[in-house]
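A.B. asks: A single structure is presented below for examination.
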Amino acid sequence: MATVTYVLTLDYVARILDEDVELLEAIVSNGDNLTYGTIIRVCTGPDETITALTDHGVDELTDMLSQARLTTNTWHQFLDDFVDDPELANRLKAQASQ
């Protein structure tokens, strides 16, 4: 694996992928959802962190979301599996229906 020389913040990844940042936060909140080492926590203060992804993490996330969006049923199941917040899951399901 190549040496990581930069990472992309989750906010920036959300803008690049035109995704809801809360969805991405829900996915990466479980470190097992992407390959070990692709999710980076950056300390910005004693009790403050931001989440960032390596290029490989962005690629994995992109592939994951593409597969999840194949059908409405797979998208809804994906949201049920990866989003613990029912309000967020319902909001994302409603957005997909529009």
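Chain labels A, B, ... are given in the sequence in which chains occur in the structure tokens; within each chain residues are numbered consecutively from 1, and ligands are likewise numbered from 1 in the order shown.
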Need the shell around region 7-18 of chain A: protein/DNA/RNA residues with any atom at most 8 Å away, counting only C-alpha atoms. Skip same-chain ones fewer than 5 positions apart. Format as number ranges by chain?
C.D. replies: A: 24-25, 40, 50-55, 58, 62
A.B. asks: Contacts of Thr74 (chain A) at 12 Å or less, counting only C-alpha atoms, minus same-chain residues fewer than 5 places along, as JSON, numbers by chain?
C.D. replies: {"A": [64, 65, 66, 67, 68, 69, 79, 80, 81, 82, 93, 96]}
A.B. asks: Let's have the selection written as a short mmCIF file (atom, residue, chain, number, x, y, z; two decimals), in the first residue's frame, with C-alpha atoms.
C.D. replies:
data_model
loop_
_atom_site.label_atom_id
_atom_site.label_comp_id
_atom_site.auth_asym_id
_atom_site.auth_seq_id
_atom_site.Cartn_x
_atom_site.Cartn_y
_atom_site.Cartn_z
CA MET A 64 -20.48 1.20 -1.73
CA LEU A 65 -22.96 3.98 -2.50
CA SER A 66 -23.17 3.04 -6.19
CA GLN A 67 -24.03 -0.56 -5.31
CA ALA A 68 -26.55 0.58 -2.70
CA ARG A 69 -28.38 2.76 -5.21
CA LEU A 79 -29.97 2.92 4.87
CA ASP A 80 -31.58 0.54 7.36
CA ASP A 81 -28.26 -1.29 7.75
CA PHE A 82 -25.88 1.67 7.93
CA LYS A 93 -35.33 7.59 1.71
CA ALA A 96 -34.44 9.33 -3.14
#
A.B. asks: Select from chain A everything DSSP, run on the backbone, classes as strand (DSSP E or B), then give the selection as a VMD selection string.
C.D. replies: chain A and resid 8 to 9 39 to 45 48 to 53
A.B. asks: Name the residues in contact with Thr35 (chain A) at a cut-off of 9 Å, using only C-alpha atoms, excluding same-chain residues fewer than 5 positions from it; report them as a ChimeraX atom specification.
C.D. replies: /A:56-57,60
